[in-house]
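Trainee: As input, take model30.cif (mmCIF, C-alpha atoms (C1' of nucleotides)):
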```
data_input
#
loop_
_atom_site.label_atom_id
_atom_site.label_comp_id
_atom_site.auth_asym_id
_atom_site.auth_seq_id
_atom_site.Cartn_x
_atom_site.Cartn_y
_atom_site.Cartn_z
CA MET N 81 -25.99 -26.05 -8.15
CA PHE N 82 -24.09 -28.89 -6.53
CA GLU N 83 -23.05 -29.93 -10.04
CA VAL N 84 -20.83 -26.87 -10.34
CA PHE N 85 -19.13 -27.76 -7.08
CA LYS N 86 -18.70 -31.36 -8.27
CA GLU N 87 -17.02 -30.12 -11.44
CA TYR N 88 -14.74 -27.91 -9.38
CA LEU N 89 -13.77 -30.84 -7.15
CA LEU N 90 -13.11 -33.10 -10.14
CA GLN N 91 -10.76 -30.54 -11.62
CA HIS N 92 -8.60 -30.63 -8.50
CA ILE N 93 -8.87 -34.02 -6.83
CA GLU N 94 -10.21 -37.52 -7.37
CA LEU N 95 -13.29 -38.56 -5.44
CA ASN N 96 -15.66 -41.50 -5.47
CA GLU N 97 -19.45 -41.36 -5.39
CA HIS N 98 -19.48 -41.93 -1.66
CA ASP N 99 -17.29 -38.86 -1.10
CA PHE N 100 -19.55 -36.75 -3.28
CA ALA N 101 -22.58 -37.93 -1.37
CA LEU N 102 -20.91 -37.00 1.90
CA LEU N 103 -19.94 -33.58 0.62
CA GLU N 104 -23.45 -32.98 -0.67
CA THR N 105 -24.88 -33.85 2.74
CA TYR N 106 -23.06 -30.96 4.34
CA ALA N 107 -23.50 -28.41 1.55
CA HIS N 108 -26.26 -25.90 2.18
CA PRO N 109 -27.34 -24.23 -1.05
CA LYS N 110 -28.44 -20.61 -0.87
CA LYS N 111 -29.52 -17.99 -3.38
CA LEU N 112 -28.60 -14.37 -2.88
CA ARG N 113 -30.07 -11.44 -4.75
CA LYS N 114 -27.92 -8.54 -5.86
CA ARG N 115 -26.99 -6.39 -2.84
CA GLN N 116 -28.00 -9.11 -0.40
CA TYR N 117 -25.64 -9.69 2.53
CA LEU N 118 -24.01 -13.02 3.21
CA LEU N 119 -22.20 -11.55 6.20
CA GLN N 120 -22.71 -8.24 7.93
CA GLU N 121 -20.20 -6.38 10.08
CA GLY N 122 -20.66 -7.26 13.74
CA ASP N 123 -21.99 -10.75 13.04
CA VAL N 124 -19.89 -13.85 13.49
CA CYS N 125 -19.00 -15.50 10.20
CA ARG N 126 -20.28 -19.08 10.45
CA TYR N 127 -19.81 -20.40 6.93
CA ASN N 128 -17.23 -21.13 4.34
CA CYS N 129 -18.95 -20.18 1.15
CA PHE N 130 -18.37 -21.70 -2.27
CA ILE N 131 -19.76 -19.66 -5.17
CA THR N 132 -21.39 -21.68 -7.95
CA HIS N 133 -22.84 -18.70 -9.87
CA GLY N 134 -22.49 -14.97 -9.58
CA LEU N 135 -20.16 -12.45 -8.02
CA MET N 136 -19.52 -11.23 -4.49
CA ARG N 137 -17.34 -8.80 -2.61
CA MET N 138 -15.89 -8.53 0.86
CA TYR N 139 -15.44 -5.00 2.17
CA ALA N 140 -14.91 -2.88 5.25
CA VAL N 141 -16.61 0.40 6.11
CA ASP N 142 -14.56 3.12 7.77
CA GLN N 143 -15.55 5.88 10.22
CA LYS N 144 -16.44 8.22 7.38
CA GLY N 145 -18.82 5.60 5.99
CA GLU N 146 -16.59 4.80 3.03
CA GLU N 147 -16.41 1.27 1.71
CA HIS N 148 -13.09 -0.44 1.06
CA VAL N 149 -13.22 -3.59 -1.03
CA ILE N 150 -10.89 -6.27 0.35
CA ARG N 151 -11.60 -8.79 -2.39
CA PHE N 152 -13.95 -9.98 -5.10
CA ALA N 153 -14.99 -13.60 -5.66
CA SER N 154 -16.96 -15.29 -8.42
CA GLU N 155 -17.78 -18.80 -9.67
CA ASN N 156 -15.55 -21.56 -8.30
CA TRP N 157 -14.04 -19.42 -5.58
CA TRP N 158 -14.39 -19.58 -1.85
CA ILE N 159 -15.20 -16.61 0.30
CA SER N 160 -15.58 -16.06 4.03
CA ASP N 161 -14.05 -14.09 6.87
CA ARG N 162 -11.48 -16.63 7.95
CA GLU N 163 -10.51 -14.56 10.96
CA SER N 164 -14.06 -14.51 12.32
CA ILE N 165 -14.77 -18.18 11.59
CA ILE N 166 -11.62 -19.30 13.38
CA SER N 167 -11.84 -16.95 16.34
CA GLY N 168 -15.61 -16.96 16.73
CA LEU N 169 -15.42 -13.19 17.11
CA PRO N 170 -17.68 -10.68 15.28
CA SER N 171 -16.48 -9.77 11.82
CA ARG N 172 -15.25 -6.33 10.87
CA PHE N 173 -16.19 -7.01 7.27
CA ASN N 174 -19.24 -7.28 5.08
CA ILE N 175 -19.78 -9.79 2.32
CA ASP N 176 -22.54 -9.18 -0.18
CA ALA N 177 -23.62 -10.09 -3.71
CA ILE N 178 -22.71 -7.81 -6.61
CA GLU N 179 -24.87 -9.93 -8.93
CA ASP N 180 -27.60 -12.47 -8.19
CA THR N 181 -25.54 -15.30 -6.79
CA GLU N 182 -25.81 -18.95 -5.84
CA VAL N 183 -23.61 -20.43 -3.17
CA LEU N 184 -23.00 -23.57 -1.15
CA LEU N 185 -22.45 -22.99 2.55
CA PHE N 186 -20.36 -25.23 4.79
CA ASP N 187 -20.17 -24.47 8.49
CA LYS N 188 -16.89 -24.77 10.33
CA ALA N 189 -17.68 -28.13 11.92
CA SER N 190 -18.64 -29.58 8.53
CA ILE N 191 -15.43 -28.44 6.91
CA ASP N 192 -13.38 -29.89 9.77
CA LEU N 193 -15.26 -33.16 9.53
CA LEU N 194 -15.02 -33.34 5.73
CA MET N 195 -11.31 -32.51 5.78
CA HIS N 196 -10.84 -35.34 8.21
CA GLN N 197 -13.06 -37.87 6.44
CA ILE N 198 -11.81 -37.07 2.94
CA PRO N 199 -8.07 -36.36 3.08
CA SER N 200 -7.87 -35.20 -0.53
CA PHE N 201 -10.57 -32.64 0.24
CA GLY N 202 -8.49 -31.57 3.22
CA LYS N 203 -5.54 -31.07 0.94
CA LEU N 204 -7.70 -29.04 -1.44
CA ILE N 205 -8.77 -26.71 1.35
CA THR N 206 -5.19 -26.33 2.57
CA ASP N 207 -4.00 -25.61 -0.98
CA MET N 208 -6.72 -23.03 -1.29
CA LEU N 209 -5.54 -21.32 1.88
CA ASN N 210 -1.97 -21.32 0.58
CA LYS N 211 -3.14 -19.81 -2.69
CA SER N 212 -5.15 -17.14 -0.90
CA PHE N 213 -2.14 -16.29 1.21
CA VAL N 214 0.04 -15.88 -1.87
CA THR N 215 -2.65 -13.81 -3.56
CA PHE N 216 -2.81 -11.38 -0.66
CA GLN N 217 0.96 -11.23 -0.39
CA ASN N 218 1.16 -10.31 -4.07
CA ARG N 219 -1.57 -7.75 -3.58
CA VAL N 220 0.44 -6.12 -0.80
CA HIS N 221 3.44 -6.13 -3.09
CA GLU N 222 1.57 -4.39 -5.89
CA SER N 223 -0.13 -2.04 -3.51
CA ILE N 224 3.14 -0.64 -2.15
CA SER N 225 5.08 -0.78 -5.43
CA TYR N 226 2.88 0.75 -8.12
CA ASN N 227 0.97 3.95 -8.79
CA ALA N 228 -2.74 4.17 -9.52
CA GLU N 229 -2.46 3.61 -13.25
CA GLU N 230 -0.13 0.60 -12.96
CA LYS N 231 -2.37 -0.94 -10.32
CA TYR N 232 -5.38 -0.62 -12.59
CA THR N 233 -3.54 -2.07 -15.58
CA LYS N 234 -2.42 -5.05 -13.53
CA PHE N 235 -5.89 -5.54 -12.17
CA VAL N 236 -7.38 -5.69 -15.66
CA GLU N 237 -4.68 -8.13 -16.79
CA ARG N 238 -5.16 -10.40 -13.81
CA TYR N 239 -8.93 -10.23 -13.54
CA PRO N 240 -10.34 -9.32 -16.96
CA ALA N 241 -13.73 -10.75 -16.00
CA PHE N 242 -13.98 -8.60 -12.89
CA ALA N 243 -13.00 -5.54 -14.90
CA LEU N 244 -16.13 -6.10 -16.99
CA ARG N 245 -18.56 -7.26 -14.34
CA VAL N 246 -17.72 -5.05 -11.37
CA PRO N 247 -18.88 -1.40 -11.20
CA GLN N 248 -15.95 0.98 -11.64
CA ALA N 249 -16.39 2.60 -8.27
CA MET N 250 -15.87 -0.78 -6.59
CA ILE N 251 -12.73 -1.42 -8.61
CA ALA N 252 -11.45 1.98 -7.53
CA SER N 253 -12.19 1.06 -3.93
CA TYR N 254 -10.35 -2.26 -4.36
CA LEU N 255 -7.32 -0.39 -5.73
CA GLY N 256 -7.40 2.19 -2.96
CA ILE N 257 -8.13 5.15 -5.22
CA LYS N 258 -11.15 7.43 -5.76
CA PRO N 259 -13.69 6.68 -8.51
CA GLU N 260 -12.93 10.04 -10.14
CA THR N 261 -9.26 9.17 -10.34
CA LEU N 262 -10.00 5.82 -11.95
CA SER N 263 -12.34 7.45 -14.45
CA ARG N 264 -9.66 9.97 -15.36
CA LEU N 265 -6.83 7.51 -15.85
CA ARG N 266 -9.12 5.33 -17.96
CA SER N 267 -10.07 8.21 -20.21
CA LYS N 268 -6.50 9.04 -21.14
CA ARG N 269 -6.28 5.92 -23.35
CA MET V 1049 19.56 -21.57 19.76
CA PHE V 1050 17.24 -24.56 19.73
CA GLU V 1051 16.19 -23.53 23.25
CA VAL V 1052 14.39 -20.47 21.87
CA PHE V 1053 12.48 -22.68 19.46
CA LYS V 1054 11.62 -25.08 22.27
CA GLU V 1055 10.22 -22.19 24.31
CA TYR V 1056 8.18 -21.08 21.34
CA LEU V 1057 6.76 -24.57 20.87
CA LEU V 1058 5.92 -24.90 24.56
CA GLN V 1059 3.97 -21.69 24.45
CA HIS V 1060 1.71 -23.05 21.74
CA ILE V 1061 1.50 -26.82 22.03
CA GLU V 1062 2.37 -29.72 24.31
CA LEU V 1063 5.23 -31.97 23.29
CA ASN V 1064 7.20 -34.75 24.89
CA GLU V 1065 10.96 -35.16 24.88
CA HIS V 1066 10.80 -37.54 21.96
CA ASP V 1067 9.00 -34.93 19.85
CA PHE V 1068 11.58 -32.30 20.75
CA ALA V 1069 14.37 -34.68 19.81
CA LEU V 1070 12.74 -35.33 16.45
CA LEU V 1071 12.27 -31.62 15.79
CA GLU V 1072 15.86 -30.90 16.73
CA THR V 1073 17.04 -33.56 14.29
CA TYR V 1074 15.57 -31.67 11.38
CA ALA V 1075 16.43 -28.15 12.53
CA HIS V 1076 19.48 -26.69 10.81
CA PRO V 1077 20.90 -23.76 12.77
CA LYS V 1078 22.45 -20.91 10.84
CA LYS V 1079 23.94 -17.54 11.71
CA LEU V 1080 23.49 -14.57 9.42
CA ARG V 1081 25.39 -11.34 9.60
CA LYS V 1082 23.69 -8.02 9.04
CA ARG V 1083 22.92 -7.58 5.31
CA GLN V 1084 23.49 -11.29 4.60
CA TYR V 1085 20.99 -12.97 2.29
CA LEU V 1086 18.91 -15.93 3.33
CA LEU V 1087 17.20 -15.98 -0.06
CA GLN V 1088 18.08 -14.10 -3.21
CA GLU V 1089 15.78 -13.29 -6.09
CA GLY V 1090 16.00 -15.96 -8.79
CA ASP V 1091 16.88 -18.75 -6.36
CA VAL V 1092 14.39 -21.34 -5.27
CA CYS V 1093 13.38 -20.97 -1.63
CA ARG V 1094 14.15 -24.32 0.01
CA TYR V 1095 13.64 -23.59 3.70
CA ASN V 1096 11.09 -22.57 6.20
CA CYS V 1097 13.02 -20.35 8.53
CA PHE V 1098 12.35 -19.84 12.22
CA ILE V 1099 14.09 -16.83 13.74
CA THR V 1100 15.55 -17.33 17.21
CA HIS V 1101 17.44 -14.02 17.42
CA GLY V 1102 17.57 -10.95 15.26
CA LEU V 1103 15.52 -9.27 12.56
CA MET V 1104 14.93 -9.94 8.88
CA ARG V 1105 13.04 -8.53 5.94
CA MET V 1106 11.54 -9.89 2.76
CA TYR V 1107 11.50 -7.51 -0.17
CA ALA V 1108 11.15 -7.19 -3.92
CA VAL V 1109 13.24 -5.05 -6.24
CA ASP V 1110 11.49 -3.31 -9.14
CA GLN V 1111 12.75 -2.34 -12.62
CA LYS V 1112 14.04 0.99 -11.31
CA GLY V 1113 16.10 -0.85 -8.70
CA GLU V 1114 13.89 0.27 -5.83
CA GLU V 1115 13.29 -2.05 -2.91
CA HIS V 1116 9.80 -2.75 -1.61
CA VAL V 1117 9.59 -4.40 1.79
CA ILE V 1118 6.89 -7.08 1.87
CA ARG V 1119 7.34 -7.92 5.54
CA PHE V 1120 9.60 -7.87 8.55
CA ALA V 1121 10.18 -10.79 10.92
CA SER V 1122 12.01 -11.08 14.23
CA GLU V 1123 12.40 -13.55 17.10
CA ASN V 1124 9.77 -16.30 17.25
CA TRP V 1125 8.47 -15.67 13.76
CA TRP V 1126 8.66 -17.74 10.64
CA ILE V 1127 9.80 -16.39 7.31
CA SER V 1128 10.12 -17.88 3.82
CA ASP V 1129 8.78 -17.45 0.33
CA ARG V 1130 5.86 -19.83 0.59
CA GLU V 1131 5.06 -19.48 -3.09
CA SER V 1132 8.54 -20.56 -4.15
CA ILE V 1133 8.78 -23.41 -1.63
CA ILE V 1134 5.46 -24.88 -2.73
CA SER V 1135 5.90 -24.41 -6.47
CA GLY V 1136 9.63 -25.09 -6.64
CA LEU V 1137 9.93 -22.03 -8.90
CA PRO V 1138 12.54 -19.27 -8.49
CA SER V 1139 11.59 -16.59 -6.02
CA ARG V 1140 10.84 -13.00 -6.99
CA PHE V 1141 11.80 -11.90 -3.51
CA ASN V 1142 14.87 -11.41 -1.37
CA ILE V 1143 15.17 -12.20 2.30
CA ASP V 1144 18.07 -10.76 4.27
CA ALA V 1145 19.12 -9.89 7.79
CA ILE V 1146 18.62 -6.37 9.12
CA GLU V 1147 20.56 -7.25 12.26
CA ASP V 1148 22.92 -10.15 13.00
CA THR V 1149 20.46 -13.01 13.15
CA GLU V 1150 20.22 -16.64 14.18
CA VAL V 1151 17.74 -18.98 12.55
CA LEU V 1152 16.67 -22.59 12.38
CA LEU V 1153 16.07 -23.90 8.87
CA PHE V 1154 13.64 -26.68 7.99
CA ASP V 1155 13.43 -27.89 4.42
CA LYS V 1156 10.07 -28.64 2.86
CA ALA V 1157 10.38 -32.42 3.23
CA SER V 1158 11.24 -32.07 6.92
CA ILE V 1159 8.26 -29.86 7.61
CA ASP V 1160 5.95 -32.30 5.81
CA LEU V 1161 7.41 -35.20 7.73
CA LEU V 1162 7.26 -33.40 11.08
CA MET V 1163 3.69 -32.24 10.49
CA HIS V 1164 2.77 -35.83 9.80
CA GLN V 1165 4.71 -37.37 12.69
CA ILE V 1166 3.69 -34.75 15.25
CA PRO V 1167 0.05 -33.75 14.64
CA SER V 1168 0.14 -30.91 17.15
CA PHE V 1169 3.12 -29.45 15.29
CA GLY V 1170 1.09 -29.80 12.09
CA LYS V 1171 -1.69 -27.82 13.70
CA LEU V 1172 0.78 -25.18 14.82
CA ILE V 1173 2.06 -24.75 11.26
CA THR V 1174 -1.47 -24.57 9.88
CA ASP V 1175 -2.45 -22.03 12.54
CA MET V 1176 0.62 -20.01 11.61
CA LEU V 1177 -0.45 -20.00 7.96
CA ASN V 1178 -3.93 -18.88 8.96
CA LYS V 1179 -2.47 -16.10 11.05
CA SER V 1180 -0.19 -14.98 8.24
CA PHE V 1181 -3.14 -14.93 5.88
CA VAL V 1182 -5.14 -12.75 8.25
CA THR V 1183 -2.14 -10.47 8.76
CA PHE V 1184 -1.76 -9.88 5.03
CA GLN V 1185 -5.49 -9.39 4.60
CA ASN V 1186 -5.42 -6.73 7.28
CA ARG V 1187 -2.41 -5.13 5.65
CA VAL V 1188 -4.29 -4.92 2.35
CA HIS V 1189 -7.18 -3.37 4.24
CA GLU V 1190 -5.00 -0.71 5.83
CA SER V 1191 -3.10 -0.13 2.64
CA ILE V 1192 -6.22 0.79 0.64
CA SER V 1193 -8.03 2.58 3.46
CA TYR V 1194 -5.56 4.98 5.04
CA ASN V 1195 -3.22 7.79 4.06
CA ALA V 1196 0.51 7.88 4.73
CA GLU V 1197 0.24 9.34 8.23
CA GLU V 1198 -2.45 6.92 9.40
CA LYS V 1199 -0.52 3.96 8.00
CA TYR V 1200 2.57 5.01 9.93
CA THR V 1201 0.64 5.53 13.15
CA LYS V 1202 -0.92 2.09 12.87
CA PHE V 1203 2.43 0.54 12.08
CA VAL V 1204 3.98 1.99 15.22
CA GLU V 1205 1.02 0.83 17.30
CA ARG V 1206 1.11 -2.68 15.92
CA TYR V 1207 4.87 -3.15 15.76
CA PRO V 1208 6.47 -0.82 18.30
CA ALA V 1209 9.62 -2.96 18.34
CA PHE V 1210 10.05 -2.74 14.57
CA ALA V 1211 9.55 1.00 14.72
CA LEU V 1212 12.63 1.19 16.93
CA ARG V 1213 14.82 -1.46 15.33
CA VAL V 1214 14.17 -0.96 11.62
CA PRO V 1215 15.80 1.93 9.69
CA GLN V 1216 13.22 4.53 8.75
CA ALA V 1217 13.76 4.15 5.04
CA MET V 1218 12.75 0.49 5.27
CA ILE V 1219 9.62 1.36 7.21
CA ALA V 1220 8.76 3.88 4.51
CA SER V 1221 9.26 1.17 1.90
CA TYR V 1222 7.02 -1.19 3.86
CA LEU V 1223 4.31 1.48 3.98
CA GLY V 1224 4.63 2.26 0.28
CA ILE V 1225 5.82 5.85 0.79
CA LYS V 1226 9.13 7.68 0.26
CA PRO V 1227 11.66 8.12 3.08
CA GLU V 1228 11.38 11.90 2.77
CA THR V 1229 7.63 11.73 3.21
CA LEU V 1230 7.96 9.58 6.32
CA SER V 1231 10.56 11.94 7.75
CA ARG V 1232 8.26 14.90 7.17
CA LEU V 1233 5.14 13.41 8.71
CA ARG V 1234 7.18 12.31 11.72
CA SER V 1235 8.57 15.79 12.28
CA LYS V 1236 5.13 17.41 12.53
CA ARG V 1237 4.61 15.85 15.98
"C1'" DC E 1278 -40.52 6.97 -18.81
"C1'" DG E 1279 -38.96 8.73 -14.37
"C1'" DA E 1280 -35.94 7.75 -10.67
"C1'" DT E 1281 -31.91 6.14 -9.07
"C1'" DT E 1282 -27.32 4.85 -9.54
"C1'" DC E 1283 -22.97 5.16 -11.85
"C1'" DT E 1284 -19.64 7.73 -14.46
"C1'" DT E 1285 -17.48 11.73 -16.29
"C1'" DT E 1286 -15.65 16.43 -16.14
"C1'" DG E 1287 -13.81 20.84 -14.20
"C1'" DA E 1288 -11.24 23.73 -11.02
"C1'" DA E 1289 -8.92 24.24 -6.75
"C1'" DA E 1290 -6.66 22.29 -2.78
"C1'" DA E 1291 -4.19 18.77 -0.41
"C1'" DC E 1292 -0.93 15.36 -0.57
"C1'" DA E 1293 3.10 12.83 -1.91
"C1'" DG E 1294 7.22 12.56 -4.85
"C1'" DT E 1295 11.65 14.39 -6.79
"C1'" DC E 1296 16.10 16.30 -6.64
"C1'" DA E 1297 19.70 18.37 -4.31
"C1'" DA E 1298 21.94 19.92 -0.28
"C1'" DT E 1299 22.82 19.58 4.52
"C1'" DC E 1300 22.99 17.49 8.94
"C1'" DT E 1301 23.73 13.59 12.24
"C1'" DG E 1302 25.51 9.77 14.22
"C1'" DT E 1303 28.41 5.55 13.81
"C1'" DG E 1304 32.19 3.01 13.08
"C1'" DT E 1305 36.87 2.39 11.04
"C1'" DG E 1306 41.56 2.98 10.06
"C1'" DG E 1307 45.50 5.73 10.74
"C1'" DC A 804 41.89 9.13 20.08
"C1'" DC A 805 40.99 11.77 16.22
"C1'" DA A 806 39.66 12.43 11.49
"C1'" DC A 807 37.30 10.81 8.00
"C1'" DA A 808 34.03 8.28 5.40
"C1'" DC A 809 29.59 6.53 5.08
"C1'" DA A 810 24.94 5.54 5.70
"C1'" DG A 811 20.73 7.34 7.37
"C1'" DA A 812 17.77 11.20 8.24
"C1'" DT A 813 16.27 15.87 7.51
"C1'" DT A 814 15.10 20.09 5.02
"C1'" DG A 815 13.89 23.21 1.10
"C1'" DA A 816 11.96 24.31 -3.24
"C1'" DC A 817 9.58 22.50 -6.87
"C1'" DT A 818 6.76 19.19 -9.61
"C1'" DG A 819 3.39 15.96 -10.26
"C1'" DT A 820 -0.39 13.13 -8.75
"C1'" DT A 821 -4.54 12.37 -6.30
"C1'" DT A 822 -8.43 14.16 -3.74
"C1'" DT A 823 -12.23 17.11 -3.01
"C1'" DC A 824 -16.42 19.27 -4.11
"C1'" DA A 825 -19.75 20.34 -7.31
"C1'" DA A 826 -22.26 19.71 -11.38
"C1'" DA A 827 -23.58 17.52 -15.50
"C1'" DG A 828 -24.03 13.37 -18.40
"C1'" DA A 829 -24.90 8.33 -19.21
"C1'" DA A 830 -26.81 4.08 -18.10
"C1'" DT A 831 -29.93 0.97 -15.76
"C1'" DC A 832 -34.12 -0.67 -13.62
"C1'" DG A 833 -38.65 -0.97 -12.23
#
```
Could you express the structure from this file as structure tokens?
Mentor:
Amino acid sequence: MFEVFKEYLLQHIELNEHDFALLETYAHPKKLRKRQYLLQEGDVCRYNCFITHGLMRMYAVDQKGEEHVIRFASENWWISDRESIISGLPSRFNIDAIEDTEVLLFDKASIDLLMHQIPSFGKLITDMLNKSFVTFQNRVHESISYNAEEKYTKFVERYPAFALRVPQAMIASYLGIKPETLSRLRSKR
Amino acid sequence: MFEVFKEYLLQHIELNEHDFALLETYAHPKKLRKRQYLLQEGDVCRYNCFITHGLMRMYAVDQKGEEHVIRFASENWWISDRESIISGLPSRFNIDAIEDTEVLLFDKASIDLLMHQIPSFGKLITDMLNKSFVTFQNRVHESISYNAEEKYTKFVERYPAFALRVPQAMIASYLGIKPETLSRLRSKR
DNA sequence: CGATTCTTTGAAAACAGTCAATCTGTGTGG
DNA sequence: CCACACAGATTGACTGTTTTCAAAGAATCG
């Protein structure tokens, strides 16, 4: 489990054995079964979560009880409610497992300490935040610029793995359209 | 012009006169007339831009020549194409002034240097990135969860000043709807 | 298998977009 | 100061897309 994380780190930065040992000290492994919550609306998000295996989603539930998927995340991605971690306020979002999933959890204090102790790890985390920012900015761009069909096409191009692994209704939710609409635009080619 | 920036800094962090002097050294003031570009599609974005007076927008233009507003920014906000600054690649976006505007420009090297020399300024910039991230995440959330009328209502609640200062057609573009549609949903109350 | 969940399909209604014309307010040049 | 031009906003009639509700058909899991 930690091996996957080690691989991930090696692909981005250079670390010695001492750094790895330190990182491992603060990593809390956890296994989640399909449908199991990592974070539930109303709770404070305490962990930055690195996914070593599996697939998760972050979503909000509106007044009508409908779910709206904010993002998906699979192996070698981070997921958490940044807003809640930073502010210490209850989250408005849920995070749960779409498949059986294995993660490494790092609480806020650990991340701060590790970023400080291992500057290259700090840079990695900052780069990750920058990338996430750009990803969301692009998502906003696509969301306001394209119609349902174009959004779906772009989603499949960008995330072919998600298109296969995620139930269609959740993809529809992610795109901001109804499952019936997605089914229909898929069927006409 | 720098005074506005100084006020902004004082509201967030504590700095001594030496820090202010250093910041001022690297701040390049610039005046933009209404409709003037700060960044044009295809150019590399070289500056982080702090707005001291006025109002700007960042937008993309699609194949049909239609503009899609990614974000607005006014006094005491930062604007730039982060993706282009970081990567050094040409920007897909335009940034221009909606009103006559005054800004302070900081190139990438200056920001890096200042963040390093003045840790509290570094924290401010990081906090700003975190805030921007959360803002875009929330925008995605609203964009996939609400219909045209709800999006407009929330926009007015969140940005009452923009609702007054920005032409309606640009607000429509920001919300991902047509100007006629916005006009119509405004007129029924 | 049987039960549950996910997907597809149909018909009608609601919503948003298109195109064209008109209206409004602003600012400019004569 | 007026007349005009121009950009922005509104309105109408129509088209097209997406949602809604309901039912039936697959697929998956214990």
Trainee: Determine the residue set returned by the PyMOL selection byres ((chain N) within 12 of (chain A)) for the present structure, and present it as a PyMOL selection string.
Mentor: chain N and resi 227-229+247+256-262+264-265
Trainee: Provide an axis-aligned box for all listed atoms of range 810-825 of chain A, padding each side by 5 Å; report its centre and its edge lengths in Å to one decimal, as AutoDock Vina command-line options.
Mentor:
```
--center_x 2.6 --center_y 14.9 --center_z -1.0 --size_x 54.7 --size_y 28.8 --size_z 28.5
```
Trainee: Please expand the PyMOL selection byres ((chain E) within 8 of (chain N)) into the concrete residues it hits in this file, giving the result as a list in words.
Mentor: DC1283, DT1284 and DT1285 of chain E
Trainee: Take the residues from that selection and write them out as a CSV table (one decimal), in the coordinates of the input, keeping C-alpha atoms (C1' of nucleotides).
Mentor:
```csv
chain,number,residue,atom,x,y,z
E,1283,DC,C1',-23.0,5.2,-11.8
E,1284,DT,C1',-19.6,7.7,-14.5
E,1285,DT,C1',-17.5,11.7,-16.3
```
Trainee: I'd like a table as a Markdown table: residues in chain V with an atom no more than 12 Å from chain N, each row giving the shortest atom pair and its distance in Å to one decimal, only C-alpha atoms counted, sorted by chain and rising residue number.
Mentor:
```
| residue | atom | partner | partner_atom | distance |
| --- | --- | --- | --- | --- |
| V:Met1106 | CA | N:His221 | CA | 10.7 |
| V:Tyr1107 | CA | N:His221 | CA | 8.7 |
| V:Ala1108 | CA | N:His221 | CA | 7.8 |
| V:Val1109 | CA | N:Ser225 | CA | 9.2 |
| V:Asp1110 | CA | N:Ser225 | CA | 7.8 |
| V:Gln1111 | CA | N:Ser225 | CA | 10.6 |
| V:Lys1112 | CA | N:Ser225 | CA | 10.9 |
| V:Gly1113 | CA | N:Ser225 | CA | 11.5 |
| V:Glu1114 | CA | N:Ser225 | CA | 8.9 |
| V:Glu1115 | CA | N:Ser225 | CA | 8.7 |
| V:His1116 | CA | N:Ser225 | CA | 6.4 |
| V:Val1117 | CA | N:His221 | CA | 8.0 |
| V:Ile1118 | CA | N:His221 | CA | 6.1 |
| V:Arg1119 | CA | N:Gln217 | CA | 9.3 |
| V:Ser1128 | CA | N:Val214 | CA | 11.7 |
| V:Asp1129 | CA | N:Val214 | CA | 9.1 |
| V:Arg1130 | CA | N:Val214 | CA | 7.5 |
| V:Glu1131 | CA | N:Val214 | CA | 6.3 |
| V:Ser1132 | CA | N:Val214 | CA | 10.0 |
| V:Ile1133 | CA | N:Asn210 | CA | 11.2 |
| V:Ile1134 | CA | N:Asn210 | CA | 8.9 |
| V:Ser1135 | CA | N:Lys211 | CA | 10.8 |
| V:Arg1140 | CA | N:Asn218 | CA | 10.5 |
| V:Phe1141 | CA | N:His221 | CA | 10.2 |
| V:Gly1170 | CA | N:Thr206 | CA | 11.9 |
| V:Lys1171 | CA | N:Thr206 | CA | 11.8 |
| V:Ile1173 | CA | N:Thr206 | CA | 11.4 |
| V:Thr1174 | CA | N:Thr206 | CA | 8.4 |
| V:Asp1175 | CA | N:Ile166 | CA | 9.6 |
| V:Met1176 | CA | N:Phe213 | CA | 11.4 |
| V:Leu1177 | CA | N:Asn210 | CA | 7.6 |
| V:Asn1178 | CA | N:Leu209 | CA | 7.7 |
| V:Lys1179 | CA | N:Glu163 | CA | 8.2 |
| V:Ser1180 | CA | N:Phe213 | CA | 7.4 |
| V:Phe1181 | CA | N:Phe213 | CA | 5.0 |
| V:Val1182 | CA | N:Glu163 | CA | 6.3 |
| V:Thr1183 | CA | N:Phe216 | CA | 9.5 |
| V:Phe1184 | CA | N:Phe216 | CA | 6.0 |
| V:Gln1185 | CA | N:Phe216 | CA | 6.2 |
| V:Asn1186 | CA | N:Ile150 | CA | 8.8 |
| V:Arg1187 | CA | N:Val220 | CA | 7.1 |
| V:Val1188 | CA | N:Val220 | CA | 5.8 |
| V:His1189 | CA | N:Ile150 | CA | 6.1 |
| V:Glu1190 | CA | N:His148 | CA | 9.4 |
| V:Ser1191 | CA | N:Ser223 | CA | 7.1 |
| V:Ile1192 | CA | N:Gly256 | CA | 4.0 |
| V:Ser1193 | CA | N:His148 | CA | 6.4 |
| V:Tyr1194 | CA | N:Gly256 | CA | 8.7 |
| V:Asn1195 | CA | N:Gly256 | CA | 9.9 |
| V:Ala1196 | CA | N:Ile224 | CA | 11.3 |
| V:Lys1199 | CA | N:Ile224 | CA | 11.7 |
| V:Ile1219 | CA | N:Ile224 | CA | 11.6 |
| V:Ala1220 | CA | N:Ile224 | CA | 9.8 |
| V:Ser1221 | CA | N:Ile224 | CA | 7.6 |
| V:Tyr1222 | CA | N:Ile224 | CA | 7.2 |
| V:Leu1223 | CA | N:Ile224 | CA | 6.6 |
| V:Gly1224 | CA | N:Ile224 | CA | 4.1 |
| V:Ile1225 | CA | N:Ile224 | CA | 7.6 |
| V:Lys1226 | CA | N:Ile224 | CA | 10.5 |
```
Trainee: Could you tell me how far CA of Asp1148 in chain V sits from CA of Ser1122 in chain V, in Å to one decimal place?
Mentor: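 Rounded to one decimal, the two atoms are 11.0 Å apart.
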